[in-house]
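J.: Handing you this structure, nothing more for now.
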Amino acid sequence: MPTDARAFWIREPGRSEIRPVRLPEPGPGEVLVRTLRSGVSRGTETLVFRGGVPESQYDVMRAPFQEGDFPGPVKYGYLNVGIVEWGPDELRGRTVFCLFPHQTAYVVPIEAVTVVPDEVPPERAVLAGTVETAVNALWDAAPLVGDRITVVGAGMVGCCVARLVGGMPGAKVTLVDVDDTRADTATALGVDFARPEDAAGGQDLVMHASATSTGLQLSLNLLAAEGTVVDLSWYGDRQVQLSLGGAFHSRRLGIRASQVGLVAAARRGRRTTAERRALALDLLRDPAFDALLTGASRFDELPEVMAGLASGQLPALCHTLTYDEG
């Protein structure tokens, strides 16, 4: 049973390092997990890396197993897949997902891990947290058969939403982004692609995930009368400016936030967070989600990788990290 581990810490905004960790001995009701893969949630984690969490949101935006406080030093992350090396017989040797930061091994309560289906490889399973966000958004949005739906922003969240909502019978789904290379991703996800200037209006539903004022304004402009934008973006400390003096009022448009911290109100009385996460992992049996895995590095390289992702020098959707699997 390992007693030492290593973890990724943001020392201060823009600076990070790998630190040693002394693992506690697991007790009753706990498991020891050795990490196989972890994923960088690019939008949120790079915002945390640059110190962009507003002070008013320090408590709200804490990750489940975060250590330290914003803006730093802080250990942050939540897309971790590993193998149970110590725990009850039914879990020992099983691959599990956990909302744990980037760390080589860790001890958590049994209820913090979710078993990964055998058909889902570890690198794809790191997307469970993002697919769970998309599931919650669809519960919030309640798309209907035959809807015209646009997803603005082809990042991790937007792509997961597009794949799920694209399965709605008769729906015409378009993924919109300024990056032309996302057209190939849209094709792999089974939806159409458009640049912002080419996106069709009159949409029954628009899901926004670009985390920009321009993207949110476009989302409103694409709606049919009395339509609603479901906004999945987290803007951090960035100001959002919108022009609401035109069609927003006359066409009775709406903006609704969707966030994964709580189960969507439409299902809150009938689904737990554990059931929602298990559903996300079951949906990841779909190999189309591999289109979101756009790069991999060793865990030891994460300080350089995070800086590259934050600056835009390292383009990626979901950048995964590999660990010693010996």
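Residue numbers start at 1 in each chain; chains themselves are named A, B, ... in the order of the structure tokens; ligands are numbered from 1 in the order shown.
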Give me the residues near stretch 273-278 of chain A as a PyMOL selection string, where near means some atom within 10 Å (using only C-alpha atoms) and where sequence neighbours in that chain fewer than 2 positions away do not count.
T.: chain A and resi 97-98+111-117+128-133+135-136+260-264+267-268+270-271+280-284
J.: Could you please take those selected residues and save C-alpha atoms as a PDB file, in the first residue's frame?
T.:
ATOM      1  CA  PHE A  97     -13.923   8.063 -11.379  1.00  0.00           C
ATOM      2  CA  CYS A  98     -13.524  10.643  -8.627  1.00  0.00           C
ATOM      3  CA  GLU A 111     -19.135   7.151  -1.743  1.00  0.00           C
ATOM      4  CA  ALA A 112     -16.775   9.595  -3.506  1.00  0.00           C
ATOM      5  CA  VAL A 113     -15.897   7.101  -6.246  1.00  0.00           C
ATOM      6  CA  THR A 114     -18.029   5.818  -9.119  1.00  0.00           C
ATOM      7  CA  VAL A 115     -17.199   2.581 -10.920  1.00  0.00           C
ATOM      8  CA  VAL A 116     -16.280   3.054 -14.580  1.00  0.00           C
ATOM      9  CA  PRO A 117     -18.026   0.615 -16.970  1.00  0.00           C
ATOM     10  CA  ALA A 128     -17.366  12.062 -16.765  1.00  0.00           C
ATOM     11  CA  GLY A 129     -17.472  15.380 -14.905  1.00  0.00           C
ATOM     12  CA  THR A 130     -18.014  17.296 -18.150  1.00  0.00           C
ATOM     13  CA  VAL A 131     -20.660  14.906 -19.471  1.00  0.00           C
ATOM     14  CA  GLU A 132     -22.382  15.194 -16.086  1.00  0.00           C
ATOM     15  CA  THR A 133     -22.473  18.974 -16.600  1.00  0.00           C
ATOM     16  CA  VAL A 135     -26.635  16.011 -18.602  1.00  0.00           C
ATOM     17  CA  ASN A 136     -27.633  18.626 -16.044  1.00  0.00           C
ATOM     18  CA  VAL A 260     -23.605  21.362 -12.142  1.00  0.00           C
ATOM     19  CA  GLY A 261     -23.302  22.060  -8.398  1.00  0.00           C
ATOM     20  CA  LEU A 262     -26.941  21.083  -7.860  1.00  0.00           C
ATOM     21  CA  VAL A 263     -29.042  18.541  -9.710  1.00  0.00           C
ATOM     22  CA  ALA A 264     -31.308  20.453 -12.114  1.00  0.00           C
ATOM     23  CA  ARG A 267     -34.877  16.140 -11.618  1.00  0.00           C
ATOM     24  CA  ARG A 268     -33.790  17.176  -8.138  1.00  0.00           C
ATOM     25  CA  ARG A 270     -35.885  12.075  -8.406  1.00  0.00           C
ATOM     26  CA  ARG A 271     -32.121  11.877  -9.087  1.00  0.00           C
ATOM     27  CA  ALA A 280     -22.633  10.249 -17.344  1.00  0.00           C
ATOM     28  CA  LEU A 281     -20.215   7.322 -17.186  1.00  0.00           C
ATOM     29  CA  ASP A 282     -22.749   5.043 -18.855  1.00  0.00           C
ATOM     30  CA  LEU A 283     -23.138   7.585 -21.683  1.00  0.00           C
ATOM     31  CA  LEU A 284     -19.356   7.516 -22.138  1.00  0.00           C
TER      32      LEU A 284
END
J.: Write out as number ranges by chain which residues come within 9 Å of A:Glu45 when counting only C-alpha atoms, dropping same-chain ones fewer than 4 positions away.
T.: A: 40-41, 49-50, 76-77, 306, 310
J.: How far is it from atom CA of A:Phe65 to atom CA of A:Leu79, in Å with one decimal?
T.: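 These atoms are spaced 11.3 Å apart.
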J.: Can I get the residues of stretch 27-56 of chain A within 7 Å of stretch 231-245 of chain A, each with the closest pair of atoms and their distance in Å to one decimal, using only C-alpha atoms, sorted chain first then ascending number, as CSV?
T.:
residue,atom,partner,partner_atom,distance
A:Gly52,CA,A:Asp237,CA,5.5
A:Val53,CA,A:Gly236,CA,5.2
A:Pro54,CA,A:Asp237,CA,5.2
J.: Could you save those same residues with N, CA and C atoms as a compact mmCIF listing (two decimals), in the first residue's frame?
T.:
# COMPACT_ATOMS: atom_id res chain seq x y z
N GLY A 52 -8.32 33.95 -11.59
CA GLY A 52 -9.52 34.66 -12.04
C GLY A 52 -10.79 34.35 -11.28
N VAL A 53 -10.71 33.69 -10.13
CA VAL A 53 -11.91 33.41 -9.34
C VAL A 53 -12.25 34.66 -8.51
N PRO A 54 -13.43 35.25 -8.70
CA PRO A 54 -13.79 36.42 -7.90
C PRO A 54 -13.84 36.07 -6.42
J.: For A:Leu144, find every residue with an atom within 10 Å (counting only C-alpha atoms), except residues of its own chain fewer than 2 positions away, and show them as a list of chain:residue names.
T.: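 Once the adjacent positions are removed, what remains is A:Ala141, A:Ala142, A:Gly146, A:Asp147, A:Arg148, A:Ile149, A:Val165, A:Met168, A:Pro169, A:Gly170, A:Ala171, A:Asp204, A:Leu205.
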J.: I want to know what sits within 7 Å of A:Tyr78, based on only C-alpha atoms, with residues of the same chain fewer than 6 positions away left out; could you give that as a list of chain:residue names?
T.: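 So the residues in contact are A:Ala63, A:Leu99, A:Phe100, A:Pro101.
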J.: Okay, now the selection with C-alpha atoms, as a PDB file, in the first residue's frame?
T.:
ATOM      1  CA  ALA A  63     -13.698  21.647  -5.718  1.00  0.00           C
ATOM      2  CA  LEU A  99     -13.786  14.437  -8.425  1.00  0.00           C
ATOM      3  CA  PHE A 100     -10.213  14.602  -7.136  1.00  0.00           C
ATOM      4  CA  PRO A 101      -7.360  16.946  -8.147  1.00  0.00           C
TER       5      PRO A 101
END
J.: List every residue of stretch 197-248 of chain A that DSSP, applied to the backbone of this structure, places in strand (DSSP E), and write the result as a tab-separated table (two decimals) with N, CA, C and O atoms, in the first residue's frame.
T.:
chain	number	residue	atom	x	y	z
A	203	GLN	N	-33.84	29.84	-33.86
A	203	GLN	CA	-33.61	28.60	-33.13
A	203	GLN	C	-34.58	28.44	-31.94
A	203	GLN	O	-34.88	29.40	-31.23
A	204	ASP	N	-35.04	27.21	-31.76
A	204	ASP	CA	-35.93	26.92	-30.64
A	204	ASP	C	-35.19	26.98	-29.30
A	204	ASP	O	-35.77	27.35	-28.27
A	205	LEU	N	-33.91	26.61	-29.34
A	205	LEU	CA	-33.11	26.56	-28.12
A	205	LEU	C	-31.66	26.84	-28.47
A	205	LEU	O	-31.16	26.35	-29.49
A	206	VAL	N	-31.01	27.65	-27.65
A	206	VAL	CA	-29.57	27.89	-27.82
A	206	VAL	C	-28.89	27.59	-26.49
A	206	VAL	O	-29.30	28.09	-25.44
A	207	MET	N	-27.86	26.76	-26.54
A	207	MET	CA	-27.04	26.44	-25.38
A	207	MET	C	-25.72	27.19	-25.54
A	207	MET	O	-25.03	27.02	-26.55
A	208	HIS	N	-25.36	28.01	-24.55
A	208	HIS	CA	-24.15	28.83	-24.67
A	208	HIS	C	-23.05	28.33	-23.76
A	208	HIS	O	-23.26	28.15	-22.56
A	223	LEU	N	-32.01	33.23	-31.34
A	223	LEU	CA	-33.24	32.65	-30.81
A	223	LEU	C	-34.48	33.07	-31.60
A	223	LEU	O	-34.59	34.20	-32.08
A	224	ALA	N	-35.43	32.13	-31.67
A	224	ALA	CA	-36.77	32.47	-32.13
A	224	ALA	C	-37.50	33.23	-31.02
A	224	ALA	O	-37.05	33.26	-29.87
A	225	ALA	N	-38.61	33.84	-31.34
A	225	ALA	CA	-39.39	34.61	-30.36
A	225	ALA	C	-39.74	33.73	-29.16
A	225	ALA	O	-40.09	32.56	-29.31
A	226	GLU	N	-39.60	34.30	-27.98
A	226	GLU	CA	-39.90	33.67	-26.69
A	226	GLU	C	-39.00	32.47	-26.40
A	226	GLU	O	-39.32	31.63	-25.56
A	227	GLY	N	-37.85	32.42	-27.07
A	227	GLY	CA	-36.88	31.36	-26.79
A	227	GLY	C	-35.98	31.71	-25.62
A	227	GLY	O	-35.97	32.85	-25.11
A	228	THR	N	-35.21	30.73	-25.17
A	228	THR	CA	-34.34	30.91	-24.01
A	228	THR	C	-32.94	30.40	-24.32
A	228	THR	O	-32.77	29.33	-24.91
A	229	VAL	N	-31.94	31.18	-23.90
A	229	VAL	CA	-30.56	30.73	-23.92
A	229	VAL	C	-30.27	30.06	-22.58
A	229	VAL	O	-30.51	30.64	-21.52
A	230	VAL	N	-29.78	28.84	-22.63
A	230	VAL	CA	-29.30	28.16	-21.42
A	230	VAL	C	-27.78	28.37	-21.38
A	230	VAL	O	-27.06	27.88	-22.25
A	231	ASP	N	-27.31	29.13	-20.41
A	231	ASP	CA	-25.92	29.54	-20.34
A	231	ASP	C	-25.15	28.66	-19.37
A	231	ASP	O	-25.41	28.67	-18.17
J.: Please identify all polymer residues within 12 Å of A:Gly14, counting only C-alpha atoms, omitting same-chain residues fewer than 4 positions from it, and present them as an MDAnalysis selection string.
T.: chainID A and resid 9:10 45:52 71:74 303:311
J.: Between A:Cys159, A:Ala247, A:Leu36, A:Leu302, which is the closest to A:Gln217 once you count only C-alpha atoms?
T.: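 Distance minimum relative to A:Gln217 lands on A:Ala247.
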J.: Neighbours of A:Val151 within 8 Å (only C-alpha atoms; same-chain residues fewer than 2 positions away dropped), as a count of residues only?
T.: 14
J.: Between A:Val108, A:Leu222, A:Val157, A:Val81, which residue has the minimum interatomic distance to A:Phe289, considering only C-alpha atoms?
T.: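 Comparing A:Val108, A:Leu222, A:Val157, A:Val81 against A:Phe289, the winner is A:Val157.
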